[in-house]
Structure formats: structure tokens, C-alpha cells
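Enquirer: One structure, as C-alpha cells, below. Some questions next.
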Amino acid sequence: MKLAITMTVILVAGLVPLEHWPAQGLLLAITFTGLSLAGVTMRYLLRRLVLFLPLLLVFGLSVPAAGASDLAWSWTISMWLRCTVSFMAGLWLIHVLPFPELLSTLRRWRCPLVLIAMLGFMYRYTFILWDELRRLRNARDARAFGGNSWWRSWSINSQMIGLLLLRAMERAERTHRAMLSRGWDGSIRFLNMDE
């Protein structure tokens, strides 16, 4: 039900034209209320919006810059509203539907099993990447005796990102070989077979 509600809100936000902007505002208020009821704090919401909105603003401003017409500005404003409502609906879904339940729901909706397996692997592998990143940060902090200049810290961080990519690829290959040695044949098996 939660996934269906989120998909409905995103679909309605995408279909409502800009002339009916009060409906977009109502959808925004509904998603904000849902986030409040889910226990999402304003601080958390603002931190997520600060990461999302600049990208959306730059992308939206590129349309009027390419073709200066009133239609371009109305399209941009409509896109900003739709994307913000969809983003907030996605945040609500993240907070009310645990990831294993999402995979189970997608399976009941008869989504392709390959997609479900990829989402499951991606979710599990994210924690491994965070662990590797924590180790790299600890090593960086242990080697940095005192403050570094801005350029030096930027250089070290960019090297750390490259090293994280290499370690992630090596870890993925080791994990794949371990799965093959334990008999993984590419088929997905679920523990709860009653669904």
C-alpha cells in the first residue's frame, strides 16, 4: 500500500498541469504532512533538500537559458514543483517502508527478478562501501599531522575517492568469486516463500 501511495503521488504530480498549481501545492502539503507523521525532522528534510534543490535549480534554469520564452519558464516552474513533490514522496517511502519489505513488495508486483536482485545487491554493497570509506578516512586522519592547506586536502580527498573505487572493484570481484564458490547460479531465492 505504501509503495502504491508513493507511485500515485508521483504520477499525479507528473500529470497535473501548471495551471492547476493549487493541486501541486496540495500534493506538496500532503507529502510534507506524511513526512511529519513518519517522524522526519525539519533538520533532516532541509539537509536532503539542500543536496537536491541546487541540482534541480541548475537543470531547470538551463531550459529558459536555451530558449527565452514564457513557455520555457512555465515548464521550468512546473518541473521544479513536480520534482520536489516526487523527491519528498520518495523520502517518505524510504522512512515508512524498510528495504526488505520493498523488495518483497516488488516481487509481489511481479517486477523482473533481475531488477530485484540488483537492488538487493546494491543495498547490501552500500554498507561495505561505507565501511571501506571509514577505513580510508581513519588512515587519512592518522597520517595528517595537523592542518593541511585547502589544495592539499582536496588532493588527498580526490585520491581517496579513486582508491575507494579501486577497492570497491576488488571487493566486488572477491564477493562474486565467493558467491560462485558457494553455489550461486544466478537464481534468486527468498526466505519467505509464502508471498
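A note on labels: chains of the C-alpha cells are A, B, ... as shown, every chain counts residues from 1, and ligands are counted from 1 in their shown order.
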Please provide the set of residues having any atom within 9 Å of region 21-31 of chain A, restricted to only C-alpha atoms, with same-chain residues fewer than 6 positions apart removed, written as a PyMOL selection string.
Expert: chain A and resi 9+12-13+78+81-82+84-86+88-89+92
Enquirer: Write the residues of the selection above to a file with N, CA, C and O atoms, as a compact mmCIF listing (two decimals), in the first residue's frame.
Expert:
```
# COMPACT_ATOMS: atom_id res chain seq x y z
N VAL A 9 1.17 9.40 -5.87
CA VAL A 9 1.52 10.81 -5.66
C VAL A 9 2.47 11.29 -6.76
O VAL A 9 2.29 12.37 -7.32
N VAL A 12 0.45 11.55 -10.06
CA VAL A 12 -0.44 12.71 -10.06
C VAL A 12 0.37 14.00 -10.17
O VAL A 12 -0.02 14.92 -10.91
N ALA A 13 1.50 14.07 -9.47
CA ALA A 13 2.35 15.27 -9.57
C ALA A 13 2.86 15.46 -10.99
O ALA A 13 3.00 16.59 -11.46
N SER A 78 6.98 24.33 -13.44
CA SER A 78 6.24 23.07 -13.32
C SER A 78 7.17 21.92 -12.97
O SER A 78 6.85 21.07 -12.13
N LEU A 81 8.23 22.10 -9.26
CA LEU A 81 7.18 21.63 -8.36
C LEU A 81 7.04 20.11 -8.42
O LEU A 81 6.98 19.44 -7.39
N ARG A 82 7.00 19.56 -9.62
CA ARG A 82 6.83 18.12 -9.78
C ARG A 82 7.98 17.34 -9.16
O ARG A 82 7.77 16.34 -8.47
N THR A 84 10.08 18.34 -6.83
CA THR A 84 10.12 18.49 -5.37
C THR A 84 9.09 17.59 -4.70
O THR A 84 9.39 16.92 -3.71
N VAL A 85 7.88 17.53 -5.26
CA VAL A 85 6.85 16.65 -4.71
C VAL A 85 7.30 15.20 -4.81
O VAL A 85 7.18 14.41 -3.86
N SER A 86 7.85 14.81 -5.96
CA SER A 86 8.31 13.42 -6.15
C SER A 86 9.45 13.08 -5.21
O SER A 86 9.49 11.98 -4.65
N MET A 88 10.08 14.44 -2.25
CA MET A 88 9.57 14.32 -0.89
C MET A 88 8.75 13.05 -0.72
O MET A 88 8.79 12.42 0.34
N ALA A 89 8.03 12.62 -1.76
CA ALA A 89 7.29 11.35 -1.68
C ALA A 89 8.27 10.18 -1.57
O ALA A 89 8.03 9.23 -0.83
N TRP A 92 9.52 10.03 1.92
CA TRP A 92 8.51 9.42 2.79
C TRP A 92 8.55 7.90 2.67
O TRP A 92 8.52 7.19 3.67
```
Enquirer: Give me every alpha helix (DSSP H) residue in region 86-184 of chain A, going by DSSP on the backbone, as a tab-separated table (two decimals) with N, CA and C atoms, in the first residue's frame.
Expert:
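Result file follows (part-v3.tsv):
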```tsv
chain	number	residue	atom	x	y	z
A	86	SER	N	7.85	14.81	-5.96
A	86	SER	CA	8.31	13.42	-6.15
A	86	SER	C	9.45	13.08	-5.21
A	87	PHE	N	10.38	14.01	-5.02
A	87	PHE	CA	11.50	13.79	-4.11
A	87	PHE	C	11.02	13.60	-2.68
A	88	MET	N	10.08	14.44	-2.25
A	88	MET	CA	9.57	14.32	-0.89
A	88	MET	C	8.75	13.05	-0.72
A	89	ALA	N	8.03	12.62	-1.76
A	89	ALA	CA	7.29	11.35	-1.68
A	89	ALA	C	8.27	10.18	-1.57
A	90	GLY	N	9.38	10.26	-2.30
A	90	GLY	CA	10.40	9.22	-2.19
A	90	GLY	C	11.02	9.18	-0.80
A	91	LEU	N	11.26	10.36	-0.22
A	91	LEU	CA	11.78	10.40	1.15
A	91	LEU	C	10.80	9.77	2.13
A	92	TRP	N	9.52	10.03	1.92
A	92	TRP	CA	8.51	9.42	2.79
A	92	TRP	C	8.55	7.90	2.67
A	93	LEU	N	8.66	7.41	1.45
A	93	LEU	CA	8.70	5.96	1.24
A	93	LEU	C	9.91	5.33	1.92
A	94	ILE	N	11.04	6.01	1.86
A	94	ILE	CA	12.26	5.50	2.50
A	94	ILE	C	12.05	5.35	4.00
A	95	HIS	N	11.30	6.26	4.60
A	95	HIS	CA	11.14	6.24	6.05
A	95	HIS	C	10.02	5.32	6.54
A	96	VAL	N	9.09	4.96	5.68
A	96	VAL	CA	7.98	4.13	6.16
A	96	VAL	C	8.04	2.69	5.66
A	99	PHE	N	13.69	-1.64	3.52
A	99	PHE	CA	14.14	-2.12	2.22
A	99	PHE	C	13.77	-3.57	1.95
A	100	PRO	N	13.89	-4.50	2.90
A	100	PRO	CA	13.46	-5.88	2.61
A	100	PRO	C	11.96	-5.96	2.25
A	101	GLU	N	11.14	-5.13	2.88
A	101	GLU	CA	9.72	-5.12	2.53
A	101	GLU	C	9.50	-4.55	1.15
A	102	LEU	N	10.34	-3.56	0.76
A	102	LEU	CA	10.24	-3.01	-0.59
A	102	LEU	C	10.54	-4.09	-1.63
A	103	LEU	N	11.60	-4.88	-1.39
A	103	LEU	CA	11.94	-5.95	-2.32
A	103	LEU	C	10.82	-6.99	-2.37
A	104	SER	N	10.25	-7.31	-1.23
A	104	SER	CA	9.14	-8.26	-1.20
A	104	SER	C	7.92	-7.72	-1.94
A	105	THR	N	7.66	-6.43	-1.78
A	105	THR	CA	6.54	-5.81	-2.49
A	105	THR	C	6.78	-5.81	-3.99
A	106	LEU	N	7.99	-5.49	-4.42
A	106	LEU	CA	8.31	-5.53	-5.85
A	106	LEU	C	8.15	-6.93	-6.40
A	107	ARG	N	8.49	-7.93	-5.60
A	107	ARG	CA	8.34	-9.32	-6.03
A	107	ARG	C	6.86	-9.67	-6.20
A	108	ARG	N	6.01	-9.21	-5.26
A	108	ARG	CA	4.58	-9.45	-5.37
A	108	ARG	C	3.97	-8.72	-6.56
A	113	LEU	N	12.87	-10.38	-11.70
A	113	LEU	CA	13.71	-10.84	-10.60
A	113	LEU	C	15.13	-10.30	-10.70
A	114	VAL	N	15.59	-10.04	-11.92
A	114	VAL	CA	16.93	-9.48	-12.08
A	114	VAL	C	17.01	-8.10	-11.46
A	115	LEU	N	15.97	-7.29	-11.65
A	115	LEU	CA	15.93	-5.95	-11.05
A	115	LEU	C	15.93	-6.04	-9.53
A	116	ILE	N	15.13	-6.96	-8.98
A	116	ILE	CA	15.06	-7.13	-7.53
A	116	ILE	C	16.42	-7.57	-6.98
A	117	ALA	N	17.08	-8.50	-7.69
A	117	ALA	CA	18.40	-8.96	-7.24
A	117	ALA	C	19.41	-7.83	-7.28
A	118	MET	N	19.38	-7.02	-8.34
A	118	MET	CA	20.33	-5.90	-8.44
A	118	MET	C	20.10	-4.90	-7.33
A	119	LEU	N	18.85	-4.60	-7.01
A	119	LEU	CA	18.55	-3.67	-5.92
A	119	LEU	C	19.03	-4.24	-4.58
A	120	GLY	N	18.81	-5.54	-4.37
A	120	GLY	CA	19.26	-6.17	-3.13
A	120	GLY	C	20.77	-6.15	-2.98
A	121	PHE	N	21.48	-6.47	-4.06
A	121	PHE	CA	22.94	-6.44	-4.01
A	121	PHE	C	23.45	-5.02	-3.80
A	122	MET	N	22.83	-4.06	-4.47
A	122	MET	CA	23.25	-2.67	-4.33
A	122	MET	C	23.07	-2.20	-2.89
A	123	TYR	N	21.95	-2.57	-2.28
A	123	TYR	CA	21.68	-2.16	-0.91
A	123	TYR	C	22.71	-2.76	0.05
A	124	ARG	N	23.00	-4.05	-0.11
A	124	ARG	CA	23.96	-4.70	0.78
A	124	ARG	C	25.37	-4.18	0.55
A	125	TYR	N	25.70	-3.91	-0.71
A	125	TYR	CA	27.06	-3.49	-1.03
A	125	TYR	C	27.32	-2.06	-0.56
A	126	THR	N	26.28	-1.27	-0.38
A	126	THR	CA	26.45	0.10	0.10
A	126	THR	C	27.11	0.11	1.47
A	127	PHE	N	26.73	-0.82	2.34
A	127	PHE	CA	27.31	-0.87	3.68
A	127	PHE	C	28.79	-1.26	3.62
A	128	ILE	N	29.14	-2.12	2.70
A	128	ILE	CA	30.56	-2.48	2.53
A	128	ILE	C	31.36	-1.27	2.07
A	129	LEU	N	30.79	-0.49	1.15
A	129	LEU	CA	31.49	0.72	0.69
A	129	LEU	C	31.66	1.73	1.81
A	130	TRP	N	30.63	1.89	2.65
A	130	TRP	CA	30.75	2.82	3.78
A	130	TRP	C	31.85	2.37	4.74
A	131	ASP	N	31.96	1.06	4.94
A	131	ASP	CA	33.00	0.53	5.81
A	131	ASP	C	34.38	0.80	5.24
A	132	GLU	N	34.54	0.60	3.93
A	132	GLU	CA	35.82	0.91	3.27
A	132	GLU	C	36.14	2.40	3.37
A	133	LEU	N	35.13	3.23	3.18
A	133	LEU	CA	35.34	4.67	3.27
A	133	LEU	C	35.76	5.08	4.68
A	134	ARG	N	35.16	4.45	5.68
A	134	ARG	CA	35.54	4.74	7.07
A	134	ARG	C	37.00	4.38	7.32
A	135	ARG	N	37.43	3.23	6.79
A	135	ARG	CA	38.83	2.83	6.95
A	135	ARG	C	39.77	3.81	6.26
A	136	LEU	N	39.40	4.25	5.06
A	136	LEU	CA	40.25	5.21	4.35
A	136	LEU	C	40.31	6.54	5.09
A	137	ARG	N	39.19	6.98	5.65
A	137	ARG	CA	39.20	8.23	6.41
A	137	ARG	C	40.06	8.12	7.66
A	138	ASN	N	39.98	6.98	8.34
A	138	ASN	CA	40.82	6.78	9.52
A	138	ASN	C	42.30	6.80	9.15
A	139	ALA	N	42.65	6.16	8.04
A	139	ALA	CA	44.04	6.17	7.60
A	139	ALA	C	44.48	7.57	7.21
A	140	ARG	N	43.61	8.32	6.54
A	140	ARG	CA	43.94	9.70	6.17
A	140	ARG	C	44.15	10.56	7.39
A	141	ASP	N	43.26	10.44	8.38
A	141	ASP	CA	43.37	11.25	9.59
A	141	ASP	C	44.60	10.88	10.41
A	142	ALA	N	44.98	9.60	10.39
A	142	ALA	CA	46.17	9.17	11.13
A	142	ALA	C	47.45	9.71	10.49
A	143	ARG	N	47.43	9.94	9.19
A	143	ARG	CA	48.64	10.43	8.51
A	143	ARG	C	48.72	11.94	8.43
A	150	TRP	N	44.13	23.97	1.81
A	150	TRP	CA	42.92	23.62	1.08
A	150	TRP	C	43.26	22.73	-0.11
A	151	TRP	N	44.31	23.11	-0.84
A	151	TRP	CA	44.69	22.34	-2.03
A	151	TRP	C	45.14	20.94	-1.64
A	152	ARG	N	45.88	20.83	-0.56
A	152	ARG	CA	46.37	19.52	-0.12
A	152	ARG	C	45.22	18.61	0.31
A	153	SER	N	44.27	19.16	1.07
A	153	SER	CA	43.14	18.33	1.50
A	153	SER	C	42.27	17.94	0.31
A	154	TRP	N	42.10	18.82	-0.67
A	154	TRP	CA	41.34	18.48	-1.87
A	154	TRP	C	42.04	17.38	-2.64
A	155	SER	N	43.36	17.45	-2.76
A	155	SER	CA	44.13	16.44	-3.46
A	155	SER	C	44.03	15.09	-2.75
A	156	ILE	N	44.13	15.11	-1.44
A	156	ILE	CA	44.05	13.85	-0.67
A	156	ILE	C	42.66	13.24	-0.81
A	157	ASN	N	41.61	14.08	-0.75
A	157	ASN	CA	40.26	13.55	-0.88
A	157	ASN	C	40.00	12.97	-2.26
A	158	SER	N	40.53	13.61	-3.31
A	158	SER	CA	40.33	13.06	-4.65
A	158	SER	C	41.08	11.74	-4.82
A	159	GLN	N	42.28	11.63	-4.23
A	159	GLN	CA	42.99	10.35	-4.26
A	159	GLN	C	42.23	9.28	-3.48
A	160	MET	N	41.60	9.69	-2.39
A	160	MET	CA	40.84	8.75	-1.58
A	160	MET	C	39.63	8.22	-2.35
A	161	ILE	N	38.99	9.07	-3.15
A	161	ILE	CA	37.85	8.62	-3.96
A	161	ILE	C	38.32	7.59	-5.00
A	162	GLY	N	39.46	7.87	-5.64
A	162	GLY	CA	40.00	6.91	-6.60
A	162	GLY	C	40.36	5.58	-5.94
A	163	LEU	N	40.97	5.66	-4.77
A	163	LEU	CA	41.32	4.44	-4.04
A	163	LEU	C	40.07	3.67	-3.60
A	164	LEU	N	39.02	4.40	-3.21
A	164	LEU	CA	37.76	3.75	-2.85
A	164	LEU	C	37.17	3.01	-4.05
A	165	LEU	N	37.25	3.61	-5.23
A	165	LEU	CA	36.75	2.96	-6.43
A	165	LEU	C	37.51	1.67	-6.71
A	166	LEU	N	38.85	1.73	-6.60
A	166	LEU	CA	39.65	0.52	-6.83
A	166	LEU	C	39.34	-0.56	-5.80
A	167	ARG	N	39.24	-0.18	-4.55
A	167	ARG	CA	38.93	-1.17	-3.51
A	167	ARG	C	37.54	-1.75	-3.69
A	168	ALA	N	36.60	-0.91	-4.14
A	168	ALA	CA	35.24	-1.41	-4.36
A	168	ALA	C	35.22	-2.43	-5.49
A	169	MET	N	35.97	-2.18	-6.55
A	169	MET	CA	36.00	-3.13	-7.66
A	169	MET	C	36.66	-4.44	-7.24
A	170	GLU	N	37.75	-4.35	-6.47
A	170	GLU	CA	38.40	-5.58	-5.98
A	170	GLU	C	37.48	-6.34	-5.04
A	171	ARG	N	36.78	-5.62	-4.18
A	171	ARG	CA	35.87	-6.26	-3.23
A	171	ARG	C	34.71	-6.92	-3.96
A	172	ALA	N	34.24	-6.28	-5.02
A	172	ALA	CA	33.13	-6.86	-5.79
A	172	ALA	C	33.57	-8.16	-6.47
A	173	GLU	N	34.78	-8.18	-7.00
A	173	GLU	CA	35.28	-9.41	-7.62
A	173	GLU	C	35.46	-10.52	-6.60
A	174	ARG	N	35.99	-10.19	-5.42
A	174	ARG	CA	36.14	-11.20	-4.37
A	174	ARG	C	34.78	-11.73	-3.92
A	175	THR	N	33.82	-10.82	-3.78
A	175	THR	CA	32.48	-11.23	-3.36
A	175	THR	C	31.84	-12.14	-4.41
A	176	HIS	N	32.02	-11.79	-5.68
A	176	HIS	CA	31.45	-12.61	-6.75
A	176	HIS	C	32.08	-14.00	-6.77
A	177	ARG	N	33.39	-14.07	-6.61
A	177	ARG	CA	34.05	-15.39	-6.58
A	177	ARG	C	33.58	-16.20	-5.37
A	178	ALA	N	33.39	-15.54	-4.23
A	178	ALA	CA	32.91	-16.25	-3.04
A	178	ALA	C	31.48	-16.76	-3.25
A	179	MET	N	30.65	-15.98	-3.92
A	179	MET	CA	29.29	-16.43	-4.19
A	179	MET	C	29.29	-17.62	-5.14
A	180	LEU	N	30.14	-17.58	-6.16
A	180	LEU	CA	30.21	-18.70	-7.09
A	180	LEU	C	30.72	-19.96	-6.41
A	181	SER	N	31.69	-19.80	-5.50
A	181	SER	CA	32.22	-20.98	-4.81
A	181	SER	C	31.20	-21.59	-3.85
```
Enquirer: Restricting the calculation to only C-alpha atoms, which member of A:Ile10, A:Pro112, A:Trp184, A:Phe32 is positioned closest to Leu46 (chain A)?
Expert: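 Closest residue, counting only C-alpha atoms: A:Phe32.
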Enquirer: Could you check how far CA of Leu97 (chain A) sits from CA of Leu3 (chain A), in Å to one decimal?
Expert: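 Value for the CA of Leu97 (chain A)-CA of Leu3 (chain A) distance: 8.0 Å.
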Enquirer: Report, in Å with one decimal, the straight-line distance from CA of Pro17 (chain A) to CA of Trp75 (chain A).
Expert: 9.5 Å
Enquirer: May I ask for the distance between CA of Arg47 (chain A) and CA of Cys83 (chain A), given in Å to one decimal place?
Expert: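 Spanning CA of Arg47 (chain A) to CA of Cys83 (chain A) is a straight-line distance of 16.6 Å.
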